[in-house]
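Colleague: Structure supplied as start.cif; contents: mmCIF, C-alpha atoms.
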data_protein
#
loop_
_atom_site.label_atom_id
_atom_site.label_comp_id
_atom_site.auth_asym_id
_atom_site.auth_seq_id
_atom_site.Cartn_x
_atom_site.Cartn_y
_atom_site.Cartn_z
CA MET O 5 0.00 0.00 0.00
CA THR O 6 1.56 3.25 -1.10
CA ALA O 7 2.21 5.84 1.56
CA GLU O 8 0.49 8.55 -0.50
CA LEU O 9 -2.69 6.52 -0.97
CA THR O 10 -2.79 5.78 2.74
CA ARG O 11 -2.21 9.44 3.63
CA VAL O 12 -4.98 10.71 1.34
CA PHE O 13 -7.40 8.07 2.56
CA SER O 14 -6.65 8.79 6.22
CA GLN O 15 -7.28 12.50 5.66
CA ARG O 16 -10.61 11.84 3.93
CA LEU O 17 -11.62 9.35 6.60
CA GLN O 18 -11.06 11.92 9.33
CA GLU O 19 -13.06 14.50 7.36
CA CYS O 20 -15.95 12.04 7.07
CA LEU O 21 -15.88 11.18 10.76
CA GLY O 22 -15.62 14.74 12.05
CA PRO O 23 -14.38 15.73 15.51
CA GLU O 24 -16.45 13.14 17.43
CA ARG O 25 -14.79 9.93 16.32
CA PRO O 26 -16.50 6.69 17.24
CA ASP O 27 -14.55 3.94 18.96
CA LYS O 28 -15.75 1.47 16.35
CA ILE O 29 -16.99 1.67 12.78
CA GLY O 30 -18.53 -0.88 10.48
CA VAL O 31 -17.36 -1.56 6.94
CA ALA O 32 -19.59 -3.00 4.22
CA VAL O 33 -17.61 -5.49 2.14
CA SER O 34 -19.04 -7.19 -0.93
CA GLY O 35 -15.77 -8.76 -2.03
CA GLY O 36 -15.38 -6.55 -5.10
CA SER O 37 -12.31 -4.44 -5.69
CA ASP O 38 -13.68 -1.22 -4.21
CA SER O 39 -14.89 -2.66 -0.90
CA THR O 40 -11.78 -4.87 -0.62
CA ALA O 41 -9.60 -1.79 -1.00
CA LEU O 42 -11.74 0.01 1.58
CA LEU O 43 -11.32 -2.83 4.05
CA HIS O 44 -7.51 -2.83 3.75
CA LEU O 45 -7.21 0.96 3.82
CA LEU O 46 -9.32 1.09 6.98
CA ASP O 47 -7.25 -1.69 8.52
CA ALA O 48 -4.12 0.37 7.80
CA THR O 49 -5.44 3.69 9.12
CA ALA O 50 -8.26 3.25 11.66
CA PRO O 51 -6.22 1.74 14.53
CA ALA O 52 -3.94 4.80 14.57
CA LEU O 53 -7.07 6.90 15.12
CA GLY O 54 -8.17 4.72 18.03
CA ILE O 55 -10.93 3.07 15.98
CA SER O 56 -11.66 -0.63 15.77
CA LEU O 57 -13.40 -2.29 12.82
CA ALA O 58 -16.20 -4.77 12.25
CA ALA O 59 -17.14 -5.94 8.77
CA VAL O 60 -20.40 -7.14 7.26
CA THR O 61 -21.30 -8.76 3.94
CA VAL O 62 -24.79 -9.10 2.50
CA ASP O 63 -25.34 -12.31 0.57
CA HIS O 64 -27.95 -11.06 -1.90
CA GLY O 65 -28.61 -14.47 -3.40
CA LEU O 66 -29.00 -13.02 -6.89
CA ARG O 67 -26.15 -15.12 -8.33
CA PRO O 68 -25.13 -18.70 -7.55
CA GLU O 69 -21.68 -17.48 -6.51
CA SER O 70 -22.88 -14.96 -3.91
CA ALA O 71 -22.72 -17.34 -0.92
CA ALA O 72 -19.19 -18.46 -1.77
CA GLU O 73 -18.10 -14.84 -2.24
CA ALA O 74 -19.48 -13.93 1.18
CA ARG O 75 -17.60 -16.85 2.77
CA ALA O 76 -14.40 -15.73 1.02
CA VAL O 77 -14.77 -12.29 2.59
CA HIS O 78 -15.33 -13.96 5.95
CA ARG O 79 -12.08 -15.93 5.64
CA ALA O 80 -10.18 -12.81 4.59
CA CYS O 81 -11.47 -10.88 7.60
CA GLN O 82 -10.60 -13.75 9.92
CA ALA O 83 -7.05 -13.73 8.55
CA MET O 84 -6.87 -10.01 9.33
CA GLY O 85 -8.21 -10.55 12.84
CA LEU O 86 -11.42 -8.63 12.13
CA ALA O 87 -14.93 -9.49 13.23
CA HIS O 88 -17.18 -10.26 10.26
CA ASP O 89 -20.84 -11.17 9.84
CA ILE O 90 -22.81 -12.39 6.83
CA LYS O 91 -26.40 -11.24 6.38
CA ARG O 92 -28.61 -13.11 3.93
CA TRP O 93 -31.24 -11.30 1.88
CA ASP O 94 -34.21 -13.62 1.68
CA HIS O 95 -36.42 -12.31 -1.06
CA PRO O 96 -39.28 -13.53 -3.23
CA GLN O 97 -39.21 -13.54 -6.99
CA LEU O 98 -38.11 -10.06 -7.95
CA SER O 99 -39.28 -7.83 -10.77
CA GLY O 100 -38.86 -4.19 -11.71
CA ASN O 101 -35.71 -2.28 -10.75
CA LEU O 102 -33.58 -5.15 -9.45
CA GLN O 103 -30.53 -3.03 -8.66
CA ALA O 104 -32.57 -0.53 -6.63
CA ALA O 105 -34.33 -3.33 -4.71
CA ALA O 106 -31.00 -4.99 -3.91
CA ARG O 107 -29.42 -1.68 -2.89
CA ASN O 108 -32.30 -0.82 -0.54
CA ALA O 109 -32.30 -4.31 0.96
CA ARG O 110 -28.54 -4.19 1.57
CA ARG O 111 -28.86 -0.84 3.29
CA ARG O 112 -31.65 -2.06 5.58
CA LEU O 113 -29.82 -5.26 6.49
CA ILE O 114 -26.59 -3.41 7.22
CA ALA O 115 -28.43 -0.79 9.29
CA ASP O 116 -30.08 -3.54 11.34
CA TRP O 117 -26.70 -5.23 11.81
CA ALA O 118 -25.11 -1.95 12.90
CA GLY O 119 -27.92 -1.26 15.37
CA THR O 120 -27.61 -4.65 17.04
CA SER O 121 -23.80 -4.37 17.05
CA GLY O 122 -23.68 -0.95 18.70
CA ILE O 123 -22.20 0.64 15.58
CA SER O 124 -23.23 4.18 14.62
CA VAL O 125 -20.99 4.70 11.55
CA VAL O 126 -20.66 2.42 8.52
CA ALA O 127 -18.11 2.95 5.74
CA LEU O 128 -19.04 2.32 2.10
CA GLY O 129 -16.64 1.72 -0.78
CA HIS O 130 -17.86 4.24 -3.37
CA THR O 131 -15.11 5.85 -5.44
CA LEU O 132 -14.63 8.94 -7.59
CA ASP O 133 -15.67 6.80 -10.56
CA ASP O 134 -18.97 5.95 -8.86
CA GLN O 135 -19.52 9.63 -8.18
CA ALA O 136 -18.98 10.57 -11.83
CA GLU O 137 -21.29 7.78 -13.02
CA THR O 138 -23.97 8.93 -10.59
CA VAL O 139 -23.80 12.52 -11.84
CA LEU O 140 -24.30 11.37 -15.44
CA MET O 141 -27.14 9.03 -14.48
CA ARG O 142 -28.92 11.82 -12.61
CA LEU O 143 -28.32 14.21 -15.50
CA ALA O 144 -29.88 11.70 -17.90
CA ARG O 145 -32.95 11.53 -15.64
CA GLY O 146 -33.35 15.29 -15.48
CA SER O 147 -32.43 15.61 -11.81
CA GLY O 148 -32.21 18.94 -10.01
CA VAL O 149 -29.69 20.24 -7.50
CA ASP O 150 -30.00 17.36 -5.05
CA GLY O 151 -29.62 14.71 -7.73
CA LEU O 152 -26.62 16.35 -9.35
CA ALA O 153 -24.98 16.75 -5.95
CA ALA O 154 -24.74 12.95 -6.23
CA MET O 155 -23.37 11.06 -3.24
CA ALA O 156 -22.39 12.85 -0.05
CA ALA O 157 -19.26 11.90 1.85
CA ARG O 158 -21.45 11.50 4.94
CA ARG O 159 -25.19 10.98 5.21
CA SER O 160 -27.45 9.84 8.04
CA ALA O 161 -30.25 7.37 7.32
CA LEU O 162 -31.90 4.41 9.08
CA GLY O 163 -30.24 5.38 12.33
CA VAL O 164 -26.72 5.11 10.88
CA ALA O 165 -24.13 7.60 9.62
CA TRP O 166 -22.96 6.30 6.21
CA ILE O 167 -19.51 7.54 5.20
CA ARG O 168 -17.71 7.30 1.87
CA PRO O 169 -14.02 8.04 2.49
CA MET O 170 -12.93 6.90 -1.01
CA LEU O 171 -15.02 9.36 -3.06
CA GLY O 172 -11.84 11.18 -4.09
CA LEU O 173 -9.97 8.03 -5.15
CA ARG O 174 -9.93 6.37 -8.58
CA ARG O 175 -10.88 2.74 -8.97
CA ALA O 176 -7.89 2.07 -11.22
CA ASP O 177 -5.48 3.31 -8.55
CA LEU O 178 -7.12 1.15 -5.89
CA ARG O 179 -6.96 -1.95 -8.08
CA ALA O 180 -3.33 -1.29 -8.96
CA ASP O 181 -2.53 -1.09 -5.25
CA LEU O 182 -4.36 -4.35 -4.52
CA ARG O 183 -2.47 -6.12 -7.32
CA ALA O 184 0.87 -4.77 -6.08
CA ARG O 185 0.20 -6.36 -2.69
CA GLY O 186 -0.97 -9.65 -4.15
CA LEU O 187 -4.59 -9.20 -3.06
CA SER O 188 -7.49 -10.44 -5.17
CA TRP O 189 -11.18 -9.64 -5.39
CA CYS O 190 -14.29 -11.10 -6.99
CA GLU O 191 -15.77 -9.72 -10.20
CA ASP O 192 -19.53 -9.27 -10.45
CA PRO O 193 -20.61 -10.13 -14.01
CA SER O 194 -23.50 -7.67 -13.74
CA ASN O 195 -20.87 -4.92 -13.99
CA GLU O 196 -20.62 -5.82 -17.68
CA ASN O 197 -24.38 -6.14 -18.26
CA THR O 198 -25.37 -3.22 -20.49
CA THR O 199 -29.01 -3.73 -19.55
CA TYR O 200 -28.19 -1.51 -16.60
CA LEU O 201 -27.88 2.24 -17.16
CA ARG O 202 -24.91 2.53 -14.81
CA VAL O 203 -22.93 0.03 -16.89
CA ARG O 204 -23.70 1.93 -20.10
CA ILE O 205 -22.69 5.18 -18.41
CA ARG O 206 -19.45 3.59 -17.19
CA LYS O 207 -18.54 2.45 -20.68
CA ALA O 208 -19.45 5.85 -22.17
CA LEU O 209 -17.21 7.74 -19.75
CA ALA O 210 -14.08 6.62 -21.60
CA SER O 211 -15.13 8.47 -24.75
CA LEU O 212 -16.65 11.42 -22.89
CA SER O 213 -13.27 12.13 -21.31
CA GLU O 214 -12.02 13.03 -24.79
CA ILE O 215 -14.36 16.06 -24.83
CA GLY O 216 -13.58 17.16 -21.29
CA LEU O 217 -16.23 15.23 -19.34
CA SER O 218 -13.73 13.40 -17.16
CA PRO O 219 -14.60 11.56 -13.94
CA ALA O 220 -12.64 14.11 -11.93
CA GLY O 221 -14.47 17.00 -13.59
CA LEU O 222 -17.86 15.40 -12.98
CA ALA O 223 -16.97 14.78 -9.35
CA ASP O 224 -16.01 18.46 -9.02
CA THR O 225 -19.40 19.39 -10.47
CA ALA O 226 -21.08 17.21 -7.85
CA ALA O 227 -19.09 19.01 -5.13
CA ARG O 228 -20.33 22.40 -6.39
CA PHE O 229 -23.93 21.17 -6.42
CA GLN O 230 -23.44 19.93 -2.87
CA LEU O 231 -22.59 23.49 -1.82
CA ALA O 232 -25.73 24.75 -3.55
CA ARG O 233 -27.78 22.06 -1.81
CA GLN O 234 -26.43 23.12 1.58
CA ALA O 235 -27.58 26.70 0.94
CA LEU O 236 -31.06 25.49 -0.06
CA GLU O 237 -31.24 23.24 3.00
CA LEU O 238 -30.42 26.21 5.23
CA ASP O 239 -33.29 28.22 3.74
CA THR O 240 -35.58 25.21 4.21
CA PHE O 241 -34.50 24.92 7.85
CA ARG O 242 -35.36 28.59 8.42
CA ALA O 243 -38.77 28.13 6.80
CA ALA O 244 -39.44 25.01 8.88
CA ALA O 245 -38.46 26.76 12.11
CA GLY O 246 -40.70 29.73 11.35
CA LEU O 247 -43.79 28.13 9.83
CA VAL O 248 -44.24 24.54 10.91
CA SER O 249 -46.00 23.21 13.98
CA VAL O 250 -45.45 19.58 15.00
CA SER O 251 -48.21 17.87 16.96
CA ALA O 252 -47.69 15.47 19.86
CA ALA O 253 -48.56 12.65 17.45
CA GLY O 254 -45.85 13.73 14.99
CA GLY O 255 -48.07 15.32 12.36
CA VAL O 256 -47.02 18.62 10.84
CA SER O 257 -49.02 21.67 9.83
CA MET O 258 -48.29 25.09 8.40
CA PRO O 259 -50.23 28.11 7.08
CA LEU O 260 -51.15 27.63 3.41
CA THR O 261 -50.62 31.30 2.56
CA ASP O 262 -47.11 31.31 4.00
CA LEU O 263 -46.25 28.02 2.32
CA PHE O 264 -47.15 29.32 -1.12
CA SER O 265 -45.33 32.61 -0.54
CA LEU O 266 -42.03 30.70 -0.36
CA PRO O 267 -39.80 30.34 -3.44
CA GLU O 268 -40.90 27.26 -5.36
CA GLU O 269 -37.76 25.24 -4.60
CA ILE O 270 -37.97 25.92 -0.85
CA ARG O 271 -41.71 25.17 -0.86
CA ARG O 272 -41.09 21.77 -2.45
CA ARG O 273 -38.27 20.99 -0.05
CA LEU O 274 -40.32 21.92 3.00
CA PHE O 275 -43.28 19.88 1.75
CA ALA O 276 -41.04 16.90 1.00
CA HIS O 277 -39.40 17.16 4.41
CA GLY O 278 -42.83 17.10 6.04
CA LEU O 279 -43.75 13.94 4.12
CA MET O 280 -40.49 12.23 5.02
CA TRP O 281 -40.84 13.21 8.67
CA VAL O 282 -44.38 11.84 8.97
CA SER O 283 -43.83 8.68 6.91
CA GLY O 284 -40.29 7.89 8.05
CA ALA O 285 -39.23 7.57 4.40
CA THR O 286 -35.50 7.73 3.69
CA TYR O 287 -35.81 9.48 0.33
CA ARG O 288 -37.93 12.28 -1.03
CA PRO O 289 -40.88 11.42 -3.27
CA ARG O 290 -40.30 11.82 -6.99
CA LEU O 291 -40.56 15.36 -8.27
CA ASP O 292 -43.62 14.73 -10.43
CA SER O 293 -45.47 13.25 -7.44
CA LEU O 294 -44.52 16.23 -5.30
CA LYS O 295 -45.71 18.67 -7.94
CA ARG O 296 -49.08 16.92 -8.33
CA ALA O 297 -49.62 16.82 -4.57
CA LEU O 298 -48.73 20.49 -4.16
CA GLU O 299 -51.10 21.42 -6.98
CA SER O 300 -53.88 19.59 -5.12
CA VAL O 301 -52.97 21.48 -1.96
CA LYS O 302 -52.99 24.78 -3.83
CA GLN O 303 -56.53 24.04 -4.98
CA GLY O 304 -57.59 23.07 -1.47
CA ARG O 305 -57.99 19.37 -2.25
CA SER O 306 -56.94 16.58 0.08
CA THR O 307 -54.70 13.84 -1.25
CA THR O 308 -52.30 11.08 -0.18
CA LEU O 309 -48.62 10.48 -0.89
CA THR O 310 -45.90 8.20 0.49
CA GLY O 311 -48.06 6.88 3.33
CA CYS O 312 -49.30 10.31 4.39
CA LEU O 313 -52.69 12.02 4.46
CA ILE O 314 -52.47 15.58 3.14
CA ARG O 315 -55.35 17.73 4.35
CA CYS O 316 -56.26 21.41 3.92
CA ARG O 317 -58.34 22.78 6.79
CA ALA O 318 -59.00 26.29 8.10
CA GLY O 319 -56.19 27.81 6.05
CA ARG O 320 -53.58 25.28 7.14
CA LEU O 321 -51.90 22.33 5.47
CA HIS O 322 -51.84 19.18 7.61
CA ILE O 323 -49.57 16.19 6.86
CA LEU O 324 -50.62 13.16 8.89
CA ARG O 325 -49.70 9.48 8.92
CA GLU O 326 -52.10 7.44 6.81
CA TYR O 327 -53.84 4.67 8.75
CA ARG O 328 -53.70 2.28 5.79
CA ALA O 329 -49.90 2.56 5.80
CA VAL O 330 -49.62 1.31 9.41
CA GLN O 331 -52.72 -0.77 10.06
CA SER O 332 -50.84 -4.07 9.65
CA LEU O 333 -47.68 -3.03 11.54
CA SER O 334 -46.89 -4.35 15.00
CA ALA O 335 -43.81 -4.42 17.20
CA PRO O 336 -43.07 -5.95 20.61
CA VAL O 337 -42.09 -3.67 23.47
CA PRO O 338 -39.44 -2.16 23.64
CA ARG O 339 -38.80 -2.13 19.86
CA LEU O 340 -39.67 0.88 17.73
CA TRP O 341 -43.04 0.85 16.01
CA ASP O 342 -43.31 2.35 12.51
CA GLY O 343 -39.60 3.11 12.86
CA ARG O 344 -40.39 6.09 15.11
CA TRP O 345 -42.39 5.31 18.28
CA GLU O 346 -41.35 3.61 21.49
CA PHE O 347 -43.22 2.77 24.71
CA SER O 348 -41.81 2.68 28.22
CA GLY O 349 -43.52 2.24 31.55
CA PRO O 350 -44.24 -0.19 34.38
CA PRO O 351 -42.85 -3.71 34.44
CA HIS O 352 -44.54 -6.01 31.95
CA THR O 353 -47.20 -8.40 33.11
CA PRO O 354 -46.95 -12.00 31.87
CA THR O 355 -49.34 -10.98 29.09
CA GLU O 356 -47.64 -10.49 25.73
CA LEU O 357 -47.70 -6.78 24.90
CA TYR O 358 -47.26 -5.28 21.46
CA ILE O 359 -47.52 -1.89 19.75
CA ALA O 360 -49.98 -1.34 16.91
CA ALA O 361 -52.05 1.47 15.43
CA LEU O 362 -55.14 2.52 17.39
CA GLY O 363 -57.56 2.42 14.49
CA ASP O 364 -61.28 2.80 15.18
CA ASN O 365 -61.25 -0.03 17.74
CA GLY O 366 -58.53 1.57 19.83
CA LEU O 367 -59.95 5.05 19.56
CA ALA O 368 -63.30 3.74 20.82
CA GLN O 369 -61.45 2.64 23.98
CA CYS O 370 -60.14 6.20 24.54
CA PRO O 371 -63.18 8.23 25.67
CA ASP O 372 -61.16 11.42 26.25
CA TRP O 373 -59.34 11.54 22.89
CA ARG O 374 -61.06 14.78 21.84
CA GLU O 375 -59.47 16.60 24.76
CA THR O 376 -56.03 16.05 23.21
CA GLY O 377 -56.80 18.53 20.41
CA LEU O 378 -55.48 16.07 17.83
CA LEU O 379 -57.34 15.19 14.66
CA ARG O 380 -59.23 11.89 14.53
CA GLU O 381 -57.36 10.81 11.38
CA GLU O 382 -54.07 11.45 13.16
CA LEU O 383 -54.98 9.44 16.23
CA ARG O 384 -56.28 6.48 14.22
CA ALA O 385 -52.73 6.04 12.85
CA SER O 386 -51.04 6.70 16.20
CA PRO O 387 -49.54 3.89 18.33
CA GLY O 388 -51.28 2.06 21.15
CA LEU O 389 -50.11 -0.66 23.49
CA TRP O 390 -52.14 -3.83 23.15
CA ALA O 391 -52.68 -7.21 24.76
CA ALA O 392 -54.54 -9.26 22.16
CA GLU O 393 -57.60 -7.11 21.28
CA ARG O 394 -57.51 -5.14 24.54
CA LEU O 395 -55.97 -1.68 24.55
CA ILE O 396 -53.58 -1.25 27.50
CA SER O 397 -52.31 2.27 26.88
CA ALA O 398 -52.59 5.11 24.37
CA PRO O 399 -50.81 8.18 25.80
CA LEU O 400 -51.29 10.25 22.65
CA ALA O 401 -55.06 9.68 22.82
CA GLY O 402 -55.35 10.64 26.48
CA ARG O 403 -55.13 7.19 28.03
CA ALA O 404 -51.62 6.72 29.42
CA GLU O 405 -52.28 4.20 32.22
CA GLY O 406 -48.75 4.79 33.56
CA TRP O 407 -47.05 4.35 30.18
CA ARG O 408 -45.09 6.86 28.09
CA CYS O 409 -44.95 7.05 24.30
CA ARG O 410 -42.01 8.87 22.70
CA ARG O 411 -41.21 9.76 19.11
CA VAL O 412 -37.67 9.06 17.85
CA PRO O 413 -36.36 11.52 16.75
CA ALA O 414 -38.26 13.93 18.98
CA CYS O 415 -40.77 16.43 17.62
CA ASP O 416 -38.37 19.31 18.33
CA ASP O 417 -35.98 17.85 15.76
CA PHE O 418 -38.24 18.57 12.77
CA ALA O 419 -36.56 21.80 11.68
CA PRO O 420 -32.93 20.68 12.28
CA LEU O 421 -33.49 17.50 10.26
CA ALA O 422 -34.38 19.64 7.25
CA LEU O 423 -30.63 20.13 6.97
CA THR O 424 -30.17 16.45 6.14
CA HIS O 425 -33.11 15.94 3.77
#
Starting from the file, lay out its structure as structure tokens.
Modeller:
Amino acid sequence: MTAELTRVFSQRLQECLGPERPDKIGVAVSGGSDSTALLHLLDATAPALGISLAAVTVDHGLRPESAAEARAVHRACQAMGLAHDIKRWDHPQLSGNLQAAARNARRRLIADWAGTSGISVVALGHTLDDQAETVLMRLARGSGVDGLAAMAARRSALGVAWIRPMLGLRRADLRADLRARGLSWCEDPSNENTTYLRVRIRKALASLSEIGLSPAGLADTAARFQLARQALELDTFRAAAGLVSVSAAGGVSMPLTDLFSLPEEIRRRLFAHGLMWVSGATYRPRLDSLKRALESVKQGRSTTLTGCLIRCRAGRLHILREYRAVQSLSAPVPRLWDGRWEFSGPPHTPTELYIAALGDNGLAQCPDWRETGLLREELRASPGLWAAERLISAPLAGRAEGWRCRRVPACDDFAPLALTH
């Protein structure tokens, strides 16, 4: 491993981590060249920063070789003295956007692994080449500022901080370093499958460099769009802090007149942030869906989007959780329900307790719900503590019975989180 490569990587790693370095970070390793290089670079630099490593591989099961590749990573980590886990993606017959489904599943599985392992930061092996490809893909799809900002060096989602310390490094340099040290990696044949847009983009980049569209130049463009995005996020944060009210049940509302007096881009961002907050979604809805929903709001019509009810009442826009989106969800205490709500209270009785939406049945068991000032639609989709069909507690609906119900993150975090959406 060259000293210069190690130095550059160490600098970028520290920038990704910031001043509050964790004692331990996770590293996602597929067995390909990029993640293999990431693993060895972290092994060479993290200990000097007082950071230990734990690795994880997701066996996606999409190719016959995937299980063997995961075991090969496990053996390599064992030889390095690193803890390593394999997570299997059990999936039905897949259709549609296979790459997106696999990517989302990997992220969820890794986030669950990190949560159970006490890991708050996970490193990913994306390179400068990936960044350039992403910019071109987003450009082809007509993306705006956020899309063209491409991948951030650090992003929080699913309760984990995801870092990409190799975004400034070229894949060819990483592979050359691996070869020089006699290290191998597995090749995914899908990387040559031109059915996928990313593969076609990757192959086109070689010729585009001849007219000045180099990977480095595209990555620089992404960095400039990231600066623009930060400025827009700051304006969205200010609008959220000044206009939005968050109810005890996590719904958001804001004056319609003030919403539509905002610049169009800030209005869309604030609306999207409200939807993500209420639904717990990781990504913003597609632009065309946002535009249609906002047009309905402008005309005073109610609508639904991404698991949310969107209501216009008494001059205010209300974004509430949609009961249909949560009616089949349940979670045992003390796990989070709907990814956002937790119960705590007296010691459990021998009866099995679980968290589920109130619905009409639960609300009927809360005679004082109107005194909360919350909307009926909002409370129907709010959490209650159940034992079979009997409601034990519903603090948000005025029936606490010694229990507490808390939103994670807390309602006061709505405006600050606009800086990360």
Colleague: Do you know which residues the PyMOL selection byres ((chain O and resi 358-361) around 10) returns on this file, as a PyMOL selection string?
Modeller: chain O and resi 327-342+345-347+355-357+362-367+383-392+395-398
Colleague: Write out the residues from the selection above, keeping C-alpha atoms, as a CSV table (one decimal), in the coordinates of the input.
Modeller:
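Listing of result.csv after writing:
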chain,number,residue,atom,x,y,z
O,327,TYR,CA,-53.8,4.7,8.8
O,328,ARG,CA,-53.7,2.3,5.8
O,329,ALA,CA,-49.9,2.6,5.8
O,330,VAL,CA,-49.6,1.3,9.4
O,331,GLN,CA,-52.7,-0.8,10.1
O,332,SER,CA,-50.8,-4.1,9.6
O,333,LEU,CA,-47.7,-3.0,11.5
O,334,SER,CA,-46.9,-4.4,15.0
O,335,ALA,CA,-43.8,-4.4,17.2
O,336,PRO,CA,-43.1,-6.0,20.6
O,337,VAL,CA,-42.1,-3.7,23.5
O,338,PRO,CA,-39.4,-2.2,23.6
O,339,ARG,CA,-38.8,-2.1,19.9
O,340,LEU,CA,-39.7,0.9,17.7
O,341,TRP,CA,-43.0,0.8,16.0
O,342,ASP,CA,-43.3,2.4,12.5
O,345,TRP,CA,-42.4,5.3,18.3
O,346,GLU,CA,-41.4,3.6,21.5
O,347,PHE,CA,-43.2,2.8,24.7
O,355,THR,CA,-49.3,-11.0,29.1
O,356,GLU,CA,-47.6,-10.5,25.7
O,357,LEU,CA,-47.7,-6.8,24.9
O,362,LEU,CA,-55.1,2.5,17.4
O,363,GLY,CA,-57.6,2.4,14.5
O,364,ASP,CA,-61.3,2.8,15.2
O,365,ASN,CA,-61.2,0.0,17.7
O,366,GLY,CA,-58.5,1.6,19.8
O,367,LEU,CA,-60.0,5.0,19.6
O,383,LEU,CA,-55.0,9.4,16.2
O,384,ARG,CA,-56.3,6.5,14.2
O,385,ALA,CA,-52.7,6.0,12.8
O,386,SER,CA,-51.0,6.7,16.2
O,387,PRO,CA,-49.5,3.9,18.3
O,388,GLY,CA,-51.3,2.1,21.2
O,389,LEU,CA,-50.1,-0.7,23.5
O,390,TRP,CA,-52.1,-3.8,23.2
O,391,ALA,CA,-52.7,-7.2,24.8
O,392,ALA,CA,-54.5,-9.3,22.2
O,395,LEU,CA,-56.0,-1.7,24.6
O,396,ILE,CA,-53.6,-1.2,27.5
O,397,SER,CA,-52.3,2.3,26.9
O,398,ALA,CA,-52.6,5.1,24.4
Colleague: Could you state the separation of atom CA of Tyr200 of chain O and atom CA of Leu217 of chain O in Å, given to one decimal place?
Modeller: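 That distance, rounded to one decimal, is 20.8 Å.
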Colleague: Do you have the atom CA of Gly30 of chain O-atom CA of Arg79 of chain O distance handy?
Modeller: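 So the answer is 17.1 Å.
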Colleague: Can you tell me, as number ranges by chain, what residues are no more than 10 Å from Asp47 of chain O when counting all atoms listed in the file, ignoring any on the same chain fewer than 2 positions away?
Modeller: O: 41-45, 49-52, 55-57, 84-86
Colleague: Arg374 of chain O: which residues within 9 Å, counting all atoms listed in the file, same-chain residues fewer than 4 positions away excluded, as a list in words?
Modeller: Leu378, Leu379, Arg380, Ala401 and Gly402 of chain O
